[in-house]
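Chemist: Next comes the structure file model18.tsv, holding TSV, C-alpha atoms.
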```tsv
chain	number	residue	atom	x	y	z
X	1	MET	CA	63.25	32.08	127.62
X	2	ARG	CA	63.51	30.38	130.99
X	3	ASN	CA	65.92	31.44	133.72
X	4	LYS	CA	66.69	28.16	135.48
X	5	LEU	CA	68.66	29.90	138.23
X	6	THR	CA	65.68	31.99	139.36
X	7	ASP	CA	62.83	29.70	138.19
X	8	GLU	CA	61.46	32.48	135.99
X	9	LEU	CA	60.04	32.77	132.50
X	10	ALA	CA	60.40	35.82	130.26
X	11	VAL	CA	57.09	37.16	128.94
X	12	CYS	CA	57.47	39.73	126.19
X	13	GLY	CA	55.14	41.74	123.97
X	14	MET	CA	52.87	44.64	124.86
X	15	ASN	CA	49.57	42.78	125.16
X	16	ALA	CA	51.04	39.79	126.98
X	17	VAL	CA	52.74	41.93	129.64
X	18	LEU	CA	49.81	44.34	129.95
X	19	ALA	CA	47.44	41.41	130.58
X	20	ALA	CA	49.78	39.87	133.15
X	21	GLY	CA	50.05	43.23	134.90
X	22	GLU	CA	46.27	43.72	134.94
X	23	TYR	CA	45.08	40.25	135.93
X	24	ASN	CA	48.03	38.61	137.71
X	25	PRO	CA	50.50	41.32	138.75
X	26	GLN	CA	51.62	39.29	141.76
X	27	LYS	CA	53.42	36.78	139.54
X	28	ILE	CA	55.67	39.45	137.96
X	29	ASN	CA	59.04	39.54	139.69
X	30	ARG	CA	60.93	41.98	137.46
X	31	LEU	CA	60.14	44.32	134.58
X	32	PHE	CA	62.41	45.58	131.79
X	33	LEU	CA	61.14	48.16	129.32
X	34	ARG	CA	62.13	50.86	126.87
X	35	GLU	CA	61.60	54.42	127.95
X	36	ASP	CA	58.87	54.95	125.36
X	37	ARG	CA	56.84	52.15	127.01
X	38	LEU	CA	57.01	53.60	130.51
X	39	GLN	CA	53.72	55.50	130.26
X	40	SER	CA	51.82	52.30	129.48
X	41	PHE	CA	53.27	50.56	132.53
X	42	THR	CA	53.28	53.31	135.14
X	43	GLY	CA	50.76	51.51	137.32
X	44	LEU	CA	52.63	48.23	137.16
X	45	CYS	CA	55.93	49.92	137.97
X	46	LYS	CA	54.30	51.49	141.02
X	47	GLN	CA	53.01	48.08	142.17
X	48	LEU	CA	56.44	46.54	141.70
X	49	ALA	CA	58.06	49.32	143.73
X	50	GLU	CA	55.55	48.75	146.54
X	51	ARG	CA	56.44	45.06	146.53
X	52	LYS	CA	60.15	45.96	146.42
X	53	ARG	CA	60.51	44.36	143.01
X	54	PRO	CA	62.80	46.00	140.43
X	55	TYR	CA	62.01	47.55	137.09
X	56	LYS	CA	64.57	48.91	134.68
X	57	ILE	CA	64.64	51.13	131.59
X	58	CYS	CA	66.56	49.30	128.84
X	59	GLU	CA	67.53	49.58	125.19
X	60	ASN	CA	66.51	47.00	122.60
X	61	GLU	CA	69.79	45.10	122.79
X	62	GLU	CA	69.38	44.36	126.48
X	63	LEU	CA	65.73	43.40	126.05
X	64	GLU	CA	66.74	40.94	123.34
X	65	ARG	CA	69.34	39.38	125.61
X	66	ILE	CA	66.82	39.00	128.42
X	67	CYS	CA	64.07	37.28	126.41
X	68	LYS	CA	66.19	35.85	123.56
X	69	SER	CA	63.83	37.33	121.00
X	70	VAL	CA	63.68	40.38	118.74
X	71	HIS	CA	59.89	40.37	119.13
X	72	HIS	CA	59.82	41.91	122.60
X	73	GLN	CA	57.94	45.08	121.49
X	74	GLY	CA	59.86	47.09	124.04
X	75	VAL	CA	58.87	45.29	127.24
X	76	VAL	CA	59.83	42.08	129.05
X	77	ALA	CA	58.41	40.79	132.33
X	78	MET	CA	60.06	38.02	134.30
X	79	ILE	CA	57.31	35.94	135.86
X	80	GLU	CA	57.36	32.96	138.17
X	81	GLU	CA	57.91	29.76	136.22
X	82	PRO	CA	54.42	28.54	135.20
X	83	VAL	CA	53.51	25.27	136.88
X	84	ILE	CA	50.88	23.25	135.05
X	85	GLU	CA	48.89	21.29	137.59
X	86	PRO	CA	47.56	17.80	136.81
X	87	LEU	CA	43.89	17.72	135.94
X	88	ASN	CA	41.73	16.30	138.72
X	89	LEU	CA	38.18	15.03	138.80
X	90	GLU	CA	37.02	18.13	140.70
X	91	ASP	CA	38.07	20.29	137.73
X	92	LEU	CA	36.17	18.05	135.33
X	93	GLU	CA	33.07	18.01	137.53
X	94	LEU	CA	33.04	21.81	137.83
X	95	TRP	CA	33.45	22.42	134.10
X	96	ALA	CA	30.77	19.86	133.29
X	97	ASN	CA	28.24	21.25	135.76
X	98	GLU	CA	28.75	24.82	134.56
X	99	GLY	CA	28.58	23.95	130.86
X	100	LYS	CA	32.08	25.22	130.11
X	101	THR	CA	33.96	24.90	126.84
X	102	GLY	CA	37.46	23.47	126.81
X	103	ILE	CA	40.22	22.32	124.50
X	104	ILE	CA	42.20	19.08	124.71
X	105	LEU	CA	45.49	19.12	122.80
X	106	HIS	CA	46.81	15.68	121.95
X	107	SER	CA	50.47	15.76	120.83
X	108	VAL	CA	50.29	19.33	119.54
X	109	GLY	CA	53.99	20.10	119.65
X	110	ASN	CA	54.49	23.70	118.54
X	111	ASP	CA	54.59	26.47	121.15
X	112	HIS	CA	53.50	29.06	118.58
X	113	ASN	CA	50.43	26.95	117.81
X	114	LEU	CA	49.67	26.67	121.51
X	115	GLY	CA	49.82	30.46	121.82
X	116	ALA	CA	47.59	30.98	118.78
X	117	ILE	CA	45.08	28.41	120.04
X	118	ALA	CA	45.05	30.09	123.46
X	119	ARG	CA	44.37	33.47	121.82
X	120	ALA	CA	41.37	32.07	119.94
X	121	ALA	CA	40.22	30.25	123.08
X	122	ALA	CA	40.17	33.38	125.22
X	123	PHE	CA	38.42	35.31	122.43
X	124	PHE	CA	35.63	32.71	122.26
X	125	ASP	CA	35.14	32.29	126.04
X	126	VAL	CA	36.91	28.96	126.47
X	127	THR	CA	37.63	28.12	130.10
X	128	TYR	CA	40.44	25.59	129.97
X	129	ILE	CA	43.14	23.94	127.87
X	130	VAL	CA	44.37	20.45	128.66
X	131	LEU	CA	47.87	19.45	127.52
X	132	ASN	CA	49.01	15.84	127.34
X	133	GLU	CA	52.25	15.24	129.16
X	134	LYS	CA	53.50	11.84	128.03
X	135	ASP	CA	51.55	10.66	124.97
X	136	ALA	CA	53.86	9.98	122.04
X	137	ALA	CA	53.77	9.54	118.28
X	138	LEU	CA	54.33	5.80	118.73
X	139	GLU	CA	50.58	5.13	118.94
X	140	ASN	CA	50.20	6.58	115.43
X	141	ASN	CA	52.78	4.24	113.99
X	142	THR	CA	51.26	1.98	111.29
X	143	ASP	CA	54.32	0.84	109.32
X	144	GLY	CA	56.17	-1.00	112.06
X	145	GLN	CA	58.97	1.55	112.26
X	146	THR	CA	59.92	3.22	115.52
X	147	GLN	CA	59.15	6.92	115.72
X	148	GLN	CA	60.46	9.52	118.08
X	149	PRO	CA	57.99	10.80	120.71
X	150	ILE	CA	56.36	14.10	119.81
X	151	GLN	CA	57.45	16.97	122.03
X	152	THR	CA	54.24	18.45	123.39
X	153	ALA	CA	53.80	22.22	123.47
X	154	GLN	CA	54.82	24.08	126.61
X	155	LEU	CA	54.14	27.44	128.24
X	156	THR	CA	57.18	29.22	126.82
X	157	THR	CA	58.10	32.81	126.04
X	158	SER	CA	56.94	32.24	122.45
X	159	ALA	CA	53.60	30.78	123.53
X	160	TYR	CA	52.91	33.73	125.83
X	161	ARG	CA	53.86	36.28	123.19
X	162	VAL	CA	51.71	34.73	120.46
X	163	ALA	CA	48.79	34.35	122.90
X	164	GLU	CA	48.68	38.15	123.37
X	165	GLY	CA	47.62	37.86	127.03
X	166	ALA	CA	45.18	34.97	126.59
X	167	PHE	CA	46.78	32.77	129.25
X	168	GLU	CA	45.63	35.20	131.93
X	169	HIS	CA	42.06	34.15	131.10
X	170	LEU	CA	42.56	30.38	130.81
X	171	THR	CA	43.09	27.48	133.16
X	172	VAL	CA	45.81	25.17	131.84
X	173	ARG	CA	45.98	21.60	133.12
X	174	LYS	CA	47.88	18.48	132.05
X	175	VAL	CA	47.10	14.79	131.75
X	176	SER	CA	49.52	11.92	131.32
X	177	ASN	CA	47.19	9.95	129.06
X	178	THR	CA	44.56	11.56	126.84
X	179	ALA	CA	42.55	8.37	126.32
X	180	ALA	CA	42.30	7.65	130.03
X	181	PHE	CA	41.11	11.21	130.65
X	182	LEU	CA	38.51	11.01	127.88
X	183	LYS	CA	37.02	7.82	129.32
X	184	ASP	CA	35.96	9.89	132.31
X	185	ALA	CA	35.21	13.07	130.36
X	186	VAL	CA	32.75	11.53	127.87
X	187	LYS	CA	30.37	10.73	130.73
X	188	LYS	CA	30.01	14.40	131.58
X	189	ILE	CA	31.08	16.43	128.52
X	190	VAL	CA	30.27	16.36	124.81
X	191	VAL	CA	33.66	15.49	123.35
X	192	ILE	CA	34.12	16.67	119.76
X	193	GLY	CA	37.02	15.22	117.80
X	194	THR	CA	38.54	16.78	114.72
X	195	ASP	CA	39.42	14.73	111.65
X	196	THR	CA	40.10	15.94	108.11
X	197	ARG	CA	38.45	12.77	106.76
X	198	ALA	CA	35.38	12.75	108.98
X	199	ARG	CA	31.98	12.15	107.39
X	200	MET	CA	30.24	14.92	109.33
X	201	ARG	CA	31.06	18.60	108.93
X	202	ILE	CA	31.37	21.49	111.31
X	203	LYS	CA	27.84	22.60	110.36
X	204	ASP	CA	26.52	19.43	112.02
X	205	LEU	CA	27.79	20.56	115.42
X	206	SER	CA	24.54	22.21	116.48
X	207	ASP	CA	22.44	19.06	115.95
X	208	ILE	CA	25.01	16.90	117.71
X	209	VAL	CA	25.02	19.07	120.82
X	210	LYS	CA	21.23	19.50	120.75
X	211	ASN	CA	20.69	15.74	120.65
X	212	SER	CA	23.28	14.93	123.28
X	213	LYS	CA	22.11	13.08	126.38
X	214	ILE	CA	24.60	15.00	128.53
X	215	LYS	CA	22.99	17.74	130.59
X	216	THR	CA	24.20	20.48	132.92
X	217	GLU	CA	22.92	21.48	136.34
X	218	ARG	CA	21.94	24.89	134.97
X	219	ALA	CA	18.48	24.86	133.43
X	220	GLY	CA	18.35	25.91	129.80
X	221	SER	CA	22.10	25.89	129.24
X	222	ARG	CA	23.87	23.74	126.71
X	223	PRO	CA	26.08	20.88	127.88
X	224	ALA	CA	29.80	21.32	128.41
X	225	ILE	CA	31.89	20.77	125.28
X	226	ALA	CA	35.51	19.71	124.86
X	227	LEU	CA	37.22	20.10	121.49
X	228	VAL	CA	40.01	17.58	120.84
X	229	LEU	CA	42.78	18.66	118.48
X	230	GLY	CA	45.63	16.44	117.31
X	231	ASN	CA	49.09	16.73	115.84
X	232	GLU	CA	49.12	18.44	112.42
X	233	GLU	CA	50.98	15.61	110.68
X	234	THR	CA	49.39	12.57	112.26
X	235	GLY	CA	46.03	13.81	113.52
X	236	LEU	CA	44.23	12.02	116.32
X	237	PRO	CA	45.05	8.33	116.88
X	238	LYS	CA	42.26	5.77	116.58
X	239	ASN	CA	41.93	5.15	120.31
X	240	ILE	CA	41.24	8.87	120.84
X	241	LYS	CA	38.81	9.10	117.92
X	242	ASP	CA	36.85	6.13	119.24
X	243	LEU	CA	36.21	7.94	122.51
X	244	CYS	CA	34.80	11.10	120.91
X	245	ALA	CA	31.05	11.64	120.65
X	246	CYS	CA	31.61	12.54	117.01
X	247	LEU	CA	34.30	13.50	114.53
X	248	LEU	CA	33.93	16.67	112.49
X	249	ARG	CA	35.83	18.21	109.61
X	250	ILE	CA	36.05	21.66	108.08
X	251	PRO	CA	35.13	21.40	104.38
X	252	GLY	CA	37.31	23.18	101.84
X	253	THR	CA	38.37	23.08	98.21
X	254	GLY	CA	40.89	20.29	98.69
X	255	ASN	CA	43.67	22.39	97.16
X	256	ILE	CA	45.37	22.25	100.55
X	257	GLU	CA	45.00	19.10	102.65
X	258	SER	CA	44.20	20.86	105.90
X	259	LEU	CA	44.35	24.06	107.91
X	260	ASN	CA	46.95	24.89	110.51
X	261	VAL	CA	45.77	23.47	113.86
X	262	SER	CA	45.32	26.95	115.33
X	263	GLN	CA	43.23	28.04	112.34
X	264	ALA	CA	41.05	24.97	112.67
X	265	ALA	CA	40.69	25.60	116.40
X	266	ALA	CA	39.47	29.14	115.79
X	267	LEU	CA	36.78	27.98	113.34
X	268	PHE	CA	35.53	25.23	115.65
X	269	LEU	CA	35.54	27.51	118.69
X	270	HIS	CA	33.53	30.14	116.81
X	271	ALA	CA	30.95	27.49	115.92
X	272	ILE	CA	30.75	26.36	119.56
X	273	TYR	CA	30.49	29.96	120.76
X	274	GLU	CA	27.53	30.56	118.43
X	275	LEU	CA	25.50	27.62	119.77
```
As structure tokens, how would this structure be written, given the file I've shared?

Modeler:
Amino acid sequence: MRNKLTDELAVCGMNAVLAAGEYNPQKINRLFLREDRLQSFTGLCKQLAERKRPYKICENEELERICKSVHHQGVVAMIEEPVIEPLNLEDLELWANEGKTGIILHSVGNDHNLGAIARAAAFFDVTYIVLNEKDAALENNTDGQTQQPIQTAQLTTSAYRVAEGAFEHLTVRKVSNTAAFLKDAVKKIVVIGTDTRARMRIKDLSDIVKNSKIKTERAGSRPAIALVLGNEETGLPKNIKDLCACLLRIPGTGNIESLNVSQAAALFLHAIYEL
């Protein structure tokens, strides 16, 4: 839940608030917690008191009102409203030179999925997530009918809770046009697209990266990799697919058409991590 009057976002859940308190305590403005959670947050409460920021012991009903969720797990932190900065070429250059792994989300519109993808990303040593700001479902339209733009995922209370603290380990940037970004990225990063109908499989990833002409400045390290994930219903549009170094799929029985986007992300990120 966002507090528009104070430009704050509610972060709830034990792991999410613990991670914020450990890695970015300066962004926490206020803390609300049940008495049974106080021992876990003694250090954070002390820091808040030193900064003259309030913390308060609350019952479940008040915590639910603050974060608008029953899934608060007994603690809610009000943090400064997250501001997602536009991606710049310096970011891209740094990630490419250091052989970093990143994720590009094209029209992924569910905040829970964003949180789950972030959790897998932090687990598998991903450095950054790029969100598209303005791309819409219109580019996927093939029947001549007008479609409503897809609402892209945002850094919300739900995303933070599902991420279990992962956002404290990730850089999140935004682009206004995924295709325009990829035209620059493919010169420096191995861009892997995902497609349920792709000819190549996830097992082919190792050979693709090994044979890539893209190199890093660090001797002996693999090139930087960006995984591109699309909307669950429409997938990646053709103009995005055409810019990827390759398209890969996760083979299955066919009983279900595809995995949830966060499940697919976890499998691909594990394969990249193992390279």

Chemist: Taking into account all atoms listed in the file, which residue in the set X:Asn239, X:Asp184, X:Cys246, X:Glu64 is nearest to Ser212 (chain X)?

Modeler: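 Among X:Asn239, X:Asp184, X:Cys246, X:Glu64, it is X:Cys246 that comes nearest to Ser212 (chain X).
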
Chemist: Looking at only C-alpha atoms, which of X:Glu168, X:Glu133, X:Glu50, X:Asp91 is the one that sits closest to Val17 (chain X)?

Modeler: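 Checking each candidate against Val17 (chain X), we get X:Glu168 as the closest.
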
Chemist: Please produce, as CSV, a per-residue contact table for region 159-205 of chain X versus region 230-234 of chain X (criterion: any atom at most 9 Å away, all atoms listed in the file considered), showing the nearest atom pair and its distance in Å to one decimal, sorted by chain then residue number.

Modeler:
```
residue,atom,partner,partner_atom,distance
X:Gly193,CA,X:Gly230,CA,8.7
X:Thr194,CA,X:Gly230,CA,7.6
X:Asp195,CA,X:Gly230,CA,8.6
```

Chemist: Would you work out the distance separating CA of Ile28 (chain X) from CA of Met78 (chain X), expressed in Å to one decimal?

Modeler: 5.9 Å

Chemist: So, counting all atoms listed in the file, which residue among X:Arg119, X:His270, X:Arg222, X:Phe32 is closest to Arg65 (chain X)?

Modeler: X:Phe32

Chemist: Would you list the contacts of Ile189 (chain X) as a PyMOL selection string, taking every protein, DNA or RNA residue within 7 Å and counting only C-alpha atoms, but skipping same-chain residues closer than 5 positions in sequence?

Modeler: chain X and resi 96+214+223-226
